[in-house]
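Trainee: Before I ask anything, let me first share the structure, which is written out below as structure tokens.
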Amino acid sequence: MRRDIPDLAEVRRVTQKKRDAWWTVLLVDPVATPLVRLTAKYTRITPNQLTWGAFLLGLVSAAFFALGDWRWLIAGAVLYHLSFILDCMDGKVARLTGQGSVFGAWLDFVFDRIRVAACAVALMAGQYHRTGDTLYIWLAAAVIGCDALRYINSLETFKVRHTMRKQIKVRLREARRAENERELAFMEDLLRENPEADIEQDLRTVTAEAVQTAPQAQVVDLHQEFRRRFPAYLRVRSFLLRHRVRPHLISGIEFQMGVFMIGPLVDSVLSATIVSGVLLLVFELAIIYKLLLSTRDFTRTIDSFDRETVTETITRAA
């Protein structure tokens with residue numbers, strides 16, 4: 001038994017993400033976090049072993065799905081959720097015990113994609129043999145495609161945002177080198193770190209705090225146009241972040257649960273899969289639209305740096 005494992009409240013603080021999918025926050029963390037503490041304190045199970053356990057349990061779930069009957073669908077749905085709980089536990093154990101590794105992160109990602117593909121093929125094959133409806137064959141491909149789209153879009157969105165931030169920092173360093181490179185802060189980070197701020201005063205509050213921390217700080221807002229077009233978004237976003245829920249309400253996690261849990265539990269795989277897929281695509285399109293508006297803010301920010309540099313050059317020349 002390890003004596004250095006803290007109490008449950010501290011384990012929650014260390015292992016739970018500051019914001020996560022609502023399915024994880026409401027239906028997984030309340031079970032997974034206590035199990036993480038017990039696992040770390042009383043066993044020698046490693047994060048990679050939990051990843052393997054989640055993967056193998058997912059394959060058993062796929063085998064149950066393939067049988068097609070509603071009783072096996074319920075069993076498969078329950079096992080899939082248990083598999084997902086184990087999948088969430090591996091990262092938490094890694095953060096709590098310091099056993100995380102780059103290879104473990106790769107293994108977790110690859111096994112997740114294989115599990116989704118195996119369960120999609122098995123579930124739709126079982127329903128095809130049960131009903132003879134060829135639509136289920138296409139649904140299997142659609143589920144795998146939507147899952148891949150979600151993670152590809154997430155990765156590319158992150159890369160674009162990272163590139164924009166990097167370019168802004170480079171331009172600011174060039175523009176402010178003579179002024180000892182005044183500090184830079186991004187509005188998105190300030191708002192994320194202050195979810196308790198008064199909604200109506202959010203922008204002014206976080207900007208003021210940034211200035212107090214670094215009097216020469218320049219705040220860059222790459223989501224200004226999006227918030228101007230959708231003013232209610234800030235209120236909803238802040239409410240969700242107070243409860244650790246990210247605004248992306250239908251992500252890959254909710255999509256999986258709609259297909260592999262809700263559909264089998266209510267014996268309505270076809271309807272649940274279509275609804276989950278449509279909702280996932282709607283939210284992915286919203287992310288793409290938000291990214292488009294953000295790139296416009298990025299262009300305006302870069303242009304403002306260029307104009308400011310030209311003005312200072314003219315002033316110095318005069």
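Residue numbering restarts at 1 in every chain; chains get A, B, ... in the order shown in the structure tokens, and ligands count up from 1 in that same order.
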Determine, using only C-alpha atoms, which residues of region 262-296 of chain A have any atom at most 12 Å from an atom of region 71-75 of chain A, and tabulate each with its shortest atom pair and distance in Å to one decimal place, rows ordered by chain and then rising number, as a Markdown table.

Mentor:
| residue | atom | partner | partner_atom | distance |
| --- | --- | --- | --- | --- |
| A:Ile262 | CA | A:Ile74 | CA | 9.4 |
| A:Gly263 | CA | A:Leu73 | CA | 8.7 |
| A:Pro264 | CA | A:Leu73 | CA | 5.0 |
| A:Leu265 | CA | A:Ile74 | CA | 5.1 |
| A:Val266 | CA | A:Ile74 | CA | 8.3 |
| A:Asp267 | CA | A:Leu73 | CA | 7.4 |
| A:Ser268 | CA | A:Leu73 | CA | 10.1 |
| A:Val269 | CA | A:Leu73 | CA | 9.4 |

Trainee: What's the separation between CA of Pro247 (chain A) and CA of Cys146 (chain A), in Å to one decimal place?

Mentor: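 So the answer is 19.3 Å.
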
Trainee: Ile287 (chain A): which residues within 12 Å, counting only C-alpha atoms, same-chain residues fewer than 4 positions away excluded, as JSON, numbers by chain?

Mentor: {"A": [150, 153, 154, 156, 157, 158, 161, 223, 226, 247, 248, 249, 250, 251, 280, 281, 282, 283, 291, 292, 293, 294]}

Trainee: Just the strand (DSSP E) stuff from region 72-295 of chain A, please, per backbone DSSP, written as number ranges by chain.

Mentor: A: 184-186, 218-220

Trainee: Give me the residues within 8 Å of Arg130 (chain A) as a PyMOL selection string, counting only C-alpha atoms and dropping any in the same chain fewer than 3 places off.

Mentor: chain A and resi 68-69+126-127

Trainee: Quick one: write out the picked residues with all heavy atoms as a short mmCIF file (atom, residue, chain, number, x, y, z; two decimals), in the first residue's frame?

Mentor:
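File produced: result07.cif:
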data_model
loop_
_atom_site.label_atom_id
_atom_site.label_comp_id
_atom_site.auth_asym_id
_atom_site.auth_seq_id
_atom_site.Cartn_x
_atom_site.Cartn_y
_atom_site.Cartn_z
N GLY A 68 -26.22 -9.17 -31.94
CA GLY A 68 -27.39 -8.52 -32.50
C GLY A 68 -28.63 -8.45 -31.64
O GLY A 68 -29.38 -7.49 -31.72
N ASP A 69 -28.89 -9.44 -30.81
CA ASP A 69 -30.10 -9.47 -30.00
C ASP A 69 -30.07 -8.35 -28.96
O ASP A 69 -29.00 -7.96 -28.48
CB ASP A 69 -30.22 -10.83 -29.31
CG ASP A 69 -31.51 -10.95 -28.51
OD1 ASP A 69 -32.57 -11.14 -29.12
OD2 ASP A 69 -31.43 -10.82 -27.27
N GLY A 126 -24.11 -6.88 -36.61
CA GLY A 126 -25.14 -7.57 -35.85
C GLY A 126 -26.54 -7.12 -36.23
O GLY A 126 -27.47 -7.94 -36.35
N GLN A 127 -26.70 -5.81 -36.43
CA GLN A 127 -28.01 -5.29 -36.80
C GLN A 127 -28.37 -5.65 -38.24
O GLN A 127 -29.54 -5.85 -38.57
CB GLN A 127 -28.04 -3.77 -36.61
CG GLN A 127 -27.91 -3.34 -35.15
CD GLN A 127 -28.92 -4.03 -34.26
OE1 GLN A 127 -30.14 -3.85 -34.38
NE2 GLN A 127 -28.44 -4.87 -33.35
#

Trainee: Between A:Ser238, A:Thr51, A:Thr299, A:Ser304, single out the one closest to Ile85 (chain A), counting only C-alpha atoms.

Mentor: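 Ranked by minimum distance to Ile85 (chain A), first place goes to A:Thr51.
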
Trainee: Quick one: of A:Thr39, A:Leu222, A:Gln49, A:Met257, who's nearest to Thr24 (chain A), counting only C-alpha atoms?

Mentor: A:Met257

Trainee: Any idea what's packed within 12 Å of Trp23 (chain A), counting only C-alpha atoms, ignoring anything in its chain fewer than 6 positions away? Could you give it as number ranges by chain?

Mentor: A: 29-30, 81, 84-85, 88, 244-246, 248-258, 261

Trainee: Would you mind exporting N, CA, C and O atoms of the selected residues as an mmCIF file, in the first residue's frame?

Mentor:
data_model
loop_
_atom_site.group_PDB
_atom_site.id
_atom_site.type_symbol
_atom_site.label_atom_id
_atom_site.label_comp_id
_atom_site.auth_asym_id
_atom_site.auth_seq_id
_atom_site.Cartn_x
_atom_site.Cartn_y
_atom_site.Cartn_z
ATOM 1 N N ASP A 29 -16.335 10.681 -14.227
ATOM 2 C CA ASP A 29 -15.468 11.117 -13.133
ATOM 3 C C ASP A 29 -15.967 10.715 -11.742
ATOM 4 O O ASP A 29 -15.151 10.338 -10.889
ATOM 5 N N PRO A 30 -17.273 10.798 -11.450
ATOM 6 C CA PRO A 30 -17.721 10.392 -10.107
ATOM 7 C C PRO A 30 -17.396 8.938 -9.782
ATOM 8 O O PRO A 30 -17.273 8.580 -8.601
ATOM 9 N N HIS A 81 -19.250 1.162 -21.685
ATOM 10 C CA HIS A 81 -19.096 2.254 -20.717
ATOM 11 C C HIS A 81 -18.022 1.915 -19.685
ATOM 12 O O HIS A 81 -17.237 2.793 -19.284
ATOM 13 N N PHE A 84 -14.813 2.582 -21.231
ATOM 14 C CA PHE A 84 -14.513 4.007 -21.284
ATOM 15 C C PHE A 84 -14.049 4.521 -19.919
ATOM 16 O O PHE A 84 -13.171 5.389 -19.838
ATOM 17 N N ILE A 85 -14.634 3.989 -18.834
ATOM 18 C CA ILE A 85 -14.189 4.380 -17.497
ATOM 19 C C ILE A 85 -12.722 4.008 -17.297
ATOM 20 O O ILE A 85 -11.919 4.805 -16.796
ATOM 21 N N CYS A 88 -10.518 6.353 -19.135
ATOM 22 C CA CYS A 88 -10.317 7.632 -18.442
ATOM 23 C C CYS A 88 -9.391 7.483 -17.237
ATOM 24 O O CYS A 88 -8.693 8.426 -16.859
ATOM 25 N N ARG A 244 -16.945 22.767 -15.042
ATOM 26 C CA ARG A 244 -15.897 21.963 -15.697
ATOM 27 C C ARG A 244 -16.335 21.377 -17.033
ATOM 28 O O ARG A 244 -15.728 20.439 -17.536
ATOM 29 N N VAL A 245 -17.387 21.893 -17.623
ATOM 30 C CA VAL A 245 -17.897 21.358 -18.887
ATOM 31 C C VAL A 245 -17.437 22.258 -20.022
ATOM 32 O O VAL A 245 -17.631 23.473 -19.983
ATOM 33 N N ARG A 246 -16.827 21.665 -21.051
ATOM 34 C CA ARG A 246 -16.370 22.453 -22.183
ATOM 35 C C ARG A 246 -17.550 22.772 -23.107
ATOM 36 O O ARG A 246 -18.507 21.989 -23.207
ATOM 37 N N HIS A 248 -17.924 22.608 -26.212
ATOM 38 C CA HIS A 248 -18.117 21.667 -27.313
ATOM 39 C C HIS A 248 -18.948 20.488 -26.805
ATOM 40 O O HIS A 248 -18.413 19.433 -26.437
ATOM 41 N N LEU A 249 -20.267 20.655 -26.785
ATOM 42 C CA LEU A 249 -21.153 19.727 -26.074
ATOM 43 C C LEU A 249 -21.276 18.362 -26.743
ATOM 44 O O LEU A 249 -21.508 17.363 -26.071
ATOM 45 N N ILE A 250 -21.179 18.313 -28.052
ATOM 46 C CA ILE A 250 -21.239 17.018 -28.746
ATOM 47 C C ILE A 250 -19.888 16.807 -29.421
ATOM 48 O O ILE A 250 -19.653 17.260 -30.535
ATOM 49 N N SER A 251 -19.011 16.124 -28.726
ATOM 50 C CA SER A 251 -17.683 15.835 -29.250
ATOM 51 C C SER A 251 -17.592 14.349 -29.557
ATOM 52 O O SER A 251 -18.602 13.641 -29.597
ATOM 53 N N GLY A 252 -16.372 13.853 -29.738
ATOM 54 C CA GLY A 252 -16.198 12.443 -30.027
ATOM 55 C C GLY A 252 -16.715 11.540 -28.931
ATOM 56 O O GLY A 252 -17.221 10.442 -29.191
ATOM 57 N N ILE A 253 -16.619 11.990 -27.678
ATOM 58 C CA ILE A 253 -17.073 11.170 -26.547
ATOM 59 C C ILE A 253 -18.585 11.007 -26.570
ATOM 60 O O ILE A 253 -19.111 9.887 -26.482
ATOM 61 N N GLU A 254 -19.309 12.119 -26.694
ATOM 62 C CA GLU A 254 -20.770 12.033 -26.724
ATOM 63 C C GLU A 254 -21.258 11.277 -27.949
ATOM 64 O O GLU A 254 -22.264 10.558 -27.891
ATOM 65 N N PHE A 255 -20.544 11.431 -29.061
ATOM 66 C CA PHE A 255 -20.897 10.688 -30.271
ATOM 67 C C PHE A 255 -20.772 9.185 -30.029
ATOM 68 O O PHE A 255 -21.680 8.404 -30.369
ATOM 69 N N GLN A 256 -19.661 8.761 -29.455
ATOM 70 C CA GLN A 256 -19.480 7.339 -29.156
ATOM 71 C C GLN A 256 -20.560 6.813 -28.227
ATOM 72 O O GLN A 256 -21.091 5.712 -28.433
ATOM 73 N N MET A 257 -20.885 7.576 -27.212
ATOM 74 C CA MET A 257 -21.865 7.113 -26.244
ATOM 75 C C MET A 257 -23.270 7.052 -26.855
ATOM 76 O O MET A 257 -24.069 6.180 -26.505
ATOM 77 N N GLY A 258 -23.546 7.969 -27.757
ATOM 78 C CA GLY A 258 -24.832 7.910 -28.438
ATOM 79 C C GLY A 258 -24.972 6.657 -29.281
ATOM 80 O O GLY A 258 -26.027 6.014 -29.312
ATOM 81 N N MET A 261 -23.863 3.325 -26.592
ATOM 82 C CA MET A 261 -24.560 3.143 -25.312
ATOM 83 C C MET A 261 -26.056 3.405 -25.440
ATOM 84 O O MET A 261 -26.872 2.533 -25.189
#

Trainee: When you look at Val14 (chain A) with a cut-off of 10 Å (counting only C-alpha atoms), what residues show up, excluding the ones that are within fewer than 6 positions of it in the same chain? I need them as a PyMOL selection string.

Mentor: chain A and resi 6+8+92-93+95-96

Trainee: Write to file, as a PDB file, in the first residue's frame, the residues of the selection just made, with C-alpha atoms.

Mentor:
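Output below, filename selection.pdb:
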ATOM      1  CA  PRO A   6      -3.627  11.954  -0.920  1.00  0.00           C
ATOM      2  CA  LEU A   8     -10.088  12.012  -2.494  1.00  0.00           C
ATOM      3  CA  LYS A  92      -5.652  10.023 -14.163  1.00  0.00           C
ATOM      4  CA  VAL A  93      -3.404   7.346 -12.658  1.00  0.00           C
ATOM      5  CA  ARG A  95      -1.061  12.215 -13.490  1.00  0.00           C
ATOM      6  CA  LEU A  96      -1.430  11.066  -9.878  1.00  0.00           C
TER       7      LEU A  96
END

Trainee: Looking only at helix (DSSP H, G or I) from DSSP on the backbone, list the matching residues of region 19-263 of chain A as a ChimeraX atom specification.

Mentor: /A:22-42,47-67,70-97,102-131,135-175,177-179,187-193,199-213,224-229,232-242,252-263

Trainee: By how many Å are CA of Leu86 (chain A) and CA of Arg237 (chain A) apart?

Mentor: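 It comes out at 28.6 Å.
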
Trainee: Nearest to Asp20 (chain A): which of A:Ala148, A:Val60, A:His243, A:Asn48 is it, counting only C-alpha atoms?

Mentor: A:His243

Trainee: Expressed in Å to a single decimal, how great is the separation between CA of Ser276 (chain A) and CA of Phe111 (chain A)?

Mentor: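 Separating CA of Ser276 (chain A) from CA of Phe111 (chain A) is a distance of 21.8 Å.
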
Trainee: Return the single residue from A:Asp133, A:Thr46, A:Gln224, A:Ala117 that is closest to Arg296 (chain A), with distances computed using only C-alpha atoms.

Mentor: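 Nearest candidate to Arg296 (chain A) out of A:Asp133, A:Thr46, A:Gln224, A:Ala117: A:Gln224.
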
Trainee: Find the spatial neighbours of Met124 (chain A), counting only C-alpha atoms, within a cut-off of 9 Å - ignore same-chain residues fewer than 4 positions away - and output them as a list in words.

Mentor: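 So, after excluding close chain neighbours, the residues are Phe65, Ala66, Gly68, Cys119, Ala120, Tyr128, His129, Leu135, Tyr136, Ile137, Trp138, Leu139, Ala140, Val269 and Leu270 of chain A.
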